[in-house]
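The structure appears below as structure tokens.
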Amino acid sequence: MQASDVVPLLEVRDLAVSFGATTAVKQVSFTLERGQTLALVGESGSGKSVSALSILQLLPYPHARHPGGSIRLRGEELLGAVPARLRGAGNQMRHGVSGTDDLAEPAAFHRKADRRDAVAAQGTRRGTASGTGLSSY
């Protein structure tokens, strides 16, 4: 296998994000190889969070939309993917990139849980913390 045959773990090309008539992100591109770390750095309001949330499609759709670009995980397009595929993508990212648990697990939780479930889960976490001797908020 040649180096040119290796597919990047995550590849974002010319990503654009709009909210109604407002363009929030315009032509963002980056590539992440397995084992690499990537930091999105920029001024406040420059589109870092919107770009990151676009990877697992956690933006307020349909108000948010992607008028252009591509997000590929191991060569597979994620923009427009069904929710079940995005959960699988979160699992792949968690196993493929160090430190993505903070991104992948909330994404899966967000897709499955309604507000009542989220509140119940928060109460469970608080109870667990009190049993460990840690402050429960």
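In the structure tokens, chains take the letters A, B, ... in the order shown, each chain's residues start at 1, and ligands count up from 1 in the order shown.
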Find the residues near segment 23-27 of chain A: any atom within 6 Å, counting only C-alpha atoms, skip ones fewer than 4 places away on the same chain, and give them as a PyMOL selection string.
chain A and resi 14-18+47
Output as a VMD selection string all residues of segment 5-97 of chain A that backbone DSSP marks as strand (DSSP E).
chain A and resid 10 to 19 22 to 32 64 to 73 76 to 77
Nearest to Ser54 of chain A by atom-to-atom distance, counting only C-alpha atoms, from A:Leu78, A:Thr31, A:Val7, A:Leu40
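Ranked by minimum distance to Ser54 of chain A, first place goes to A:Leu78.
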Nearest residue to Val50 of chain A from the set A:Ala64, A:Leu79, A:Thr22, A:Leu38 (distances using only C-alpha atoms)
A:Ala64
Interatomic distance (Å, one decimal) between atom CA of Ser46 of chain A and atom CA of Arg87 of chain A:
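Interatomic distance, atom CA of Ser46 of chain A to atom CA of Arg87 of chain A: 27.0 Å.
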Have a look at A:Arg74, A:Leu86, A:Tyr61, A:Pro67 and name the one nearest to Leu32 of chain A; count only C-alpha atoms.
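Nearest candidate to Leu32 of chain A out of A:Arg74, A:Leu86, A:Tyr61, A:Pro67: A:Arg74.
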As a VMD selection string, please: the residues near Gly80 of chain A (cut-off 12 Å, only C-alpha atoms, same-chain neighbours under 5 positions excluded).
chain A and resid 54 to 58 61 to 62 65 to 72 85 to 86
